[in-house]
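Q: Before we start, here is the structure in question, set down as structure tokens.
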Amino acid sequence: MRLKIRFTVFLSCAFLSVAAQQPHARIAGLESNAEYVSLIREDEALARSIDSLADLAAGLREKLDEDDGKRKERSAAILKLEGELFAVRNNRSRLSGRINTIEQNWILSHMSSASVRDNVRETSDVDGSSSADNMPEYADLVRNARFAASLPKADYAALLKAQRNERTAVRLLSEFAAAYNEAVLLKTEYEAAGTESAADSLMTLFLEKQSDCTVISDSLSSVWSNTFDNKMYIYDLLFDKDGRDDVLSKAEQSRFAMRRNIDRLRGTYASDAVTEYYFQKRCVVDYEIDAAVIAGLNKAADSLRAVRKSLDGLQYKYDKVYIARRYFLDYEPLQFSTQYVYNAKNPVPECVVYEHGEMYRIKLGEFAAKQPVSKFRGLEPVSYLKAPNGAWRYYAGGYASADEAVKPLQTVRRLGFRNADIAAWIDGAYADNAAELAELKSKTFLVEISGTEALSDDVRNAVLRNTPEANISRAGKNTFVVGSFRSREEADLAVRNIIAADGSLSATIREQGR
């Protein structure tokens with residue numbers, strides 16, 4: 001019986017890594033949400049199942065080497081447990097995505113309802129022309145006439161615009177969280193896909209979500225940086241006008257701590273824009289609380305304190321999720337028997353050549369004509385390919401590495417195939433013997449980027465995402481070269497990441513020898 005091993009080759013394809021699965025902490029304020037409570041309970045049950053299955057598998061592994069004749073039985077039990085663990089972890093990952101979505105939507109909604117109203121009045125409604133002290137007091141700081149009266153009309157109009165942009169920022173945060181969680185779910189589904197076509201479709205969807213996250217993050221960065229700068233500038237003017245050096249000094253210290261945190265975490269998580277929002281929003285709200293307290297606006301101060309508290313639960317640690325690209329290769333260790341495997345009804349099949357990944361086979365020989373099946377008595381599997389010169393090449397077995405093929409090669413030579421050697425396909429490129437294989441493995445690849453005088457940080461990060469050891473150098477006025485990559489697939493992945501980061505650039509692959 002032929003032993004066929006369905007093997008999946010993994011190649012890092014980055015975007016964002018999922019944090020280690022820990023028990024999910026409850027968010028205060030969601031106790032009345034029946035779906036949330038039910039999901040939390042289900043999550044806790046799955047966590048217990050994972051621990052139990054992992055303990056059982058670990059116990060069996062400890063006994064695997066015991067000489068009591070049960071090794072095969074234990075190995076089968078371990079494989080079964082690992083399959084169950086994989087399924088439970090996938091279910092928990094999907095569950096965590098739904099829990100995270102509910103939590104972030106609640107926090108963002110609470111922030112929005114506490115401080116950002118859809119009915120913010122324009123300058124003409126609150127311009128301080130009436131007695132500010134007799135105007136109604138609002139929970140939204142900028143709506144209060146007492147606050148508005150202390151600012152010039154132009155500055156107040158700019159502040160109202162910044163306040164409206166707050167709503168846009170909150171919406172973009174919610175969209176990013178949704179896109180990110182969908183990407184995480186697609187990663188889970190990709191890893192569980194049973195066929196290459198299904199996996200490729202899921203990879204395409206994942207890359208689309210990756211692009212969505214990048215676009216949303218860029219939009220958030222643009223909207224929020226303008227909002228933050230305008231608000232901080234106006235509040236600085238306000239307190240400088242009032243001679244409140246104490247408040248200005250406190251705000252400067254807050255900004256210093258904020259910048260230090262942002263610089264420390266830059267590039268750590270999936271979106272620098274979300275990280276910047278988290279720390280800058282805290283800085284702004286602290287400033288606004290001081291403004292409300294000094295103006296005697298208690299409702300606004302209380303509302304802003306509620307926002308400040310909500311910020312503690314806002315998610316910004318979106319860990320980078322790494323998808324491992326899968327290639328479905330059938331590795332078929334060579335079997336030896338005394339029976340004829342191939343005949344007229346079961347002829348020697350054509351050799352399968354995979355576009356990606358590495359496949360090593362034993363080349364039995366090259367012949368001028370098609371060989372009778374009797375020549376391969378006792379060998380399985382055997383396959384053939386027509387060479388460019390018209391010759392018939394016959395191969396046996398299929399292995400993940402050359403080392404695995406060494407021992408069966410020796411056996412094949414003893415069976416009469418004295419000129420047998422190890423042949424290989426690496427990402428579709430063919431090596432007919434050990435010398436060609438060494439040459440093939442010595443090849444490296446470069447990526448040439450053109451279309452810009454300077455590479456942005458986003459493009460540089462995209463280049464280094466999977467291959468941090470890659471070098472980036474200038475090759476001309478508008479050209480850069482990145483290398484070296486060990487395989488064409490790695491280079492191709494870098495190209496995709498570069499184009500995703502900046503679609504205006506051109507990126508091409510060049511092959512070179514070491």
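Letters A, B, ... mark the chains of the structure tokens in the order given; residue numbers begin at 1 per chain; ligand numbers begin at 1, in order shown.
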Quick one: everything within 10 Å of range 333-349 of chain A, counting only C-alpha atoms, minus sequence neighbours fewer than 3 positions away in the same chain. Send it as a ChimeraX atom specification.
A: /A:1-5,330,352,361-362,371-385,394,396-400,404-405,408-409,411-412
Q: I need the chosen residues saved as a tab-separated table (two decimals), in the first residue's frame, with N, CA and C atoms.
A:
chain	number	residue	atom	x	y	z
A	1	MET	N	0.84	-1.19	0.00
A	1	MET	CA	0.00	0.00	0.00
A	1	MET	C	0.88	1.25	0.00
A	2	ARG	N	0.56	2.18	-0.86
A	2	ARG	CA	1.34	3.40	-0.94
A	2	ARG	C	0.98	4.33	0.22
A	3	LEU	N	2.01	4.89	0.83
A	3	LEU	CA	1.82	5.85	1.91
A	3	LEU	C	1.95	7.25	1.33
A	4	LYS	N	0.87	7.96	1.26
A	4	LYS	CA	0.89	9.31	0.73
A	4	LYS	C	0.68	10.29	1.88
A	5	ILE	N	1.61	11.22	2.02
A	5	ILE	CA	1.53	12.19	3.11
A	5	ILE	C	1.10	13.54	2.56
A	330	ASP	N	1.92	16.73	-2.05
A	330	ASP	CA	1.81	15.32	-1.66
A	330	ASP	C	3.20	14.70	-1.65
A	352	VAL	N	3.92	15.14	-11.05
A	352	VAL	CA	3.30	16.41	-10.68
A	352	VAL	C	4.41	17.41	-10.33
A	361	ARG	N	12.72	14.24	-5.47
A	361	ARG	CA	12.40	12.90	-5.93
A	361	ARG	C	13.69	12.19	-6.35
A	362	ILE	N	13.62	10.88	-6.40
A	362	ILE	CA	14.77	10.09	-6.87
A	362	ILE	C	14.61	9.91	-8.37
A	371	GLN	N	9.54	3.43	-21.14
A	371	GLN	CA	9.98	2.16	-20.56
A	371	GLN	C	8.80	1.27	-20.17
A	372	PRO	N	8.95	-0.06	-20.29
A	372	PRO	CA	7.89	-0.98	-19.87
A	372	PRO	C	7.72	-0.90	-18.34
A	373	VAL	N	6.50	-1.10	-17.88
A	373	VAL	CA	6.20	-0.99	-16.45
A	373	VAL	C	6.96	-2.05	-15.66
A	374	SER	N	7.33	-3.15	-16.30
A	374	SER	CA	8.04	-4.21	-15.58
A	374	SER	C	9.40	-3.75	-15.08
A	375	LYS	N	9.93	-2.70	-15.69
A	375	LYS	CA	11.24	-2.20	-15.29
A	375	LYS	C	11.20	-1.67	-13.85
A	376	PHE	N	9.99	-1.26	-13.38
A	376	PHE	CA	9.88	-0.63	-12.07
A	376	PHE	C	9.24	-1.55	-11.04
A	377	ARG	N	9.39	-2.86	-11.28
A	377	ARG	CA	8.83	-3.84	-10.35
A	377	ARG	C	9.35	-3.58	-8.94
A	378	GLY	N	8.43	-3.52	-7.99
A	378	GLY	CA	8.80	-3.35	-6.59
A	378	GLY	C	8.91	-1.92	-6.13
A	379	LEU	N	8.76	-0.95	-7.04
A	379	LEU	CA	8.88	0.46	-6.66
A	379	LEU	C	7.52	1.17	-6.75
A	380	GLU	N	7.22	1.97	-5.76
A	380	GLU	CA	5.99	2.76	-5.76
A	380	GLU	C	6.14	3.94	-4.78
A	381	PRO	N	5.81	5.14	-5.22
A	381	PRO	CA	5.26	5.52	-6.52
A	381	PRO	C	6.37	5.83	-7.53
A	382	VAL	N	6.04	5.66	-8.80
A	382	VAL	CA	6.93	6.02	-9.90
A	382	VAL	C	6.15	6.97	-10.80
A	383	SER	N	6.84	7.94	-11.38
A	383	SER	CA	6.19	8.89	-12.29
A	383	SER	C	7.18	9.26	-13.39
A	384	TYR	N	6.70	9.94	-14.43
A	384	TYR	CA	7.58	10.29	-15.54
A	384	TYR	C	7.34	11.73	-15.98
A	385	LEU	N	8.32	12.28	-16.69
A	385	LEU	CA	8.19	13.57	-17.37
A	385	LEU	C	8.92	13.47	-18.70
A	394	TYR	N	12.26	9.23	-15.53
A	394	TYR	CA	11.43	8.53	-14.56
A	394	TYR	C	11.91	8.86	-13.14
A	396	ALA	N	11.01	8.43	-8.70
A	396	ALA	CA	10.38	7.61	-7.66
A	396	ALA	C	10.29	8.41	-6.37
A	397	GLY	N	9.17	8.22	-5.67
A	397	GLY	CA	8.99	8.86	-4.37
A	397	GLY	C	8.78	10.35	-4.44
A	398	GLY	N	8.69	10.95	-3.23
A	398	GLY	CA	8.54	12.40	-3.11
A	398	GLY	C	8.86	12.80	-1.68
A	399	TYR	N	9.82	13.73	-1.50
A	399	TYR	CA	10.30	14.04	-0.16
A	399	TYR	C	10.38	15.56	0.05
A	400	ALA	N	10.35	15.94	1.32
A	400	ALA	CA	10.39	17.36	1.67
A	400	ALA	C	11.81	17.92	1.66
A	404	GLU	N	16.09	13.45	3.30
A	404	GLU	CA	15.13	12.35	3.44
A	404	GLU	C	15.24	11.36	2.29
A	405	ALA	N	15.74	11.83	1.14
A	405	ALA	CA	15.81	10.96	-0.03
A	405	ALA	C	17.11	10.16	-0.13
A	408	PRO	N	16.68	6.06	0.72
A	408	PRO	CA	16.01	5.31	-0.35
A	408	PRO	C	16.78	5.36	-1.67
A	409	LEU	N	17.55	6.42	-1.91
A	409	LEU	CA	18.38	6.49	-3.11
A	409	LEU	C	19.39	5.34	-3.13
A	411	THR	N	19.12	2.49	-1.68
A	411	THR	CA	18.40	1.23	-1.93
A	411	THR	C	18.08	1.09	-3.41
A	412	VAL	N	17.65	2.17	-4.05
A	412	VAL	CA	17.31	2.15	-5.47
A	412	VAL	C	18.53	1.79	-6.31
Q: If you run DSSP over the backbone, which residues in range 36-281 of chain A end up alpha helix (DSSP H)? Put them as a count of residues only.
A: 193
Q: Between CA of Ser93 in chain A and CA of Glu35 in chain A, what distance in Å does the model show, to one decimal?
A: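 Rounded to one decimal, the two atoms are 16.7 Å apart.
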Q: Please provide as a ChimeraX atom specification all residues within 8 Å of Arg308 in chain A, with the sequence filter that same-chain residues fewer than 6 positions apart are discarded (counting only C-alpha atoms).
A: /A:282,285-286
Q: Could you save those same residues with C-alpha atoms as a PDB file, in the first residue's frame?
A:
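File produced: out38.pdb:
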ATOM      1  CA  ARG A 282      -6.035  60.928  26.527  1.00  0.00           C
ATOM      2  CA  VAL A 285      -9.281  64.946  27.180  1.00  0.00           C
ATOM      3  CA  ASP A 286      -7.072  65.770  30.194  1.00  0.00           C
TER       4      ASP A 286
END
Q: Which residue, A:Ala139, A:Ala475, A:Ala198, A:Ile99, has the smallest gap to Asn298 in chain A when you use only C-alpha atoms?
A: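 Going through A:Ala139, A:Ala475, A:Ala198, A:Ile99 one by one, the smallest distance to Asn298 in chain A is for A:Ala139.
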Q: Restricting the calculation to only C-alpha atoms, which member of A:Arg259, A:Leu53, A:Ala162, A:Asp246 is positioned closest to Gly83 in chain A?
A: A:Leu53
Q: Can you tell me how far CA of Leu185 in chain A sits from CA of Arg94 in chain A, in Å to one decimal?
A: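 Taking CA of Leu185 in chain A and CA of Arg94 in chain A, their separation equals 5.7 Å.
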Q: Which neighbours of Leu173 in chain A fall inside 10 Å, counting only C-alpha atoms, when residues of the same chain fewer than 2 positions from it are skipped, and could you give them as a tab-separated table (two decimals) with C-alpha atoms, in the first residue's frame?
A:
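Done, and the output landed in around.tsv:
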chain	number	residue	atom	x	y	z
A	104	GLN	CA	-14.97	47.98	21.08
A	105	ASN	CA	-18.36	49.04	19.71
A	108	LEU	CA	-16.63	53.76	21.11
A	167	ARG	CA	-17.01	61.81	15.22
A	168	THR	CA	-15.19	60.82	12.04
A	169	ALA	CA	-12.26	59.49	14.07
A	170	VAL	CA	-14.57	57.39	16.25
A	171	ARG	CA	-16.24	55.97	13.13
A	175	GLU	CA	-14.30	50.39	11.02
A	176	PHE	CA	-10.69	49.44	11.72
A	177	ALA	CA	-11.70	47.15	14.58
A	178	ALA	CA	-14.27	45.43	12.35
A	179	ALA	CA	-11.81	44.97	9.46
A	216	ILE	CA	-8.68	53.06	7.24
A	217	SER	CA	-5.52	53.56	9.30
A	220	LEU	CA	-7.60	57.97	10.74
A	273	ALA	CA	-2.52	55.58	13.79
A	274	VAL	CA	-4.68	53.71	16.32
A	277	TYR	CA	-5.09	58.13	18.74
A	314	LEU	CA	-10.10	51.24	24.27
A	315	GLN	CA	-8.21	48.66	22.22
A	316	TYR	CA	-5.02	49.86	20.58
Q: What does the distance from CA of Tyr360 in chain A to CA of Ala193 in chain A come to in Å, to one decimal?
A: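 Interatomic distance, CA of Tyr360 in chain A to CA of Ala193 in chain A: 25.0 Å.
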Q: Of the candidates A:Leu440, A:Phe239, A:Lys250, A:Leu85, which shows the shortest atom-to-atom distance to Leu151 in chain A, using only C-alpha atoms?
A: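 Closest to Leu151 in chain A of all the choices is A:Phe239.
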Q: So which residues touch Val284 in chain A within 9 Å, counting only C-alpha atoms, skipping near sequence neighbours fewer than 2 positions away, as number ranges by chain?
A: A: 228, 231-232, 251, 279-282, 286-289
Q: Just checking: using only C-alpha atoms, which residue out of A:Ile498, A:Leu186, A:Ala158, A:Ala402 ends up closest to Asp457 in chain A?
A: A:Ile498
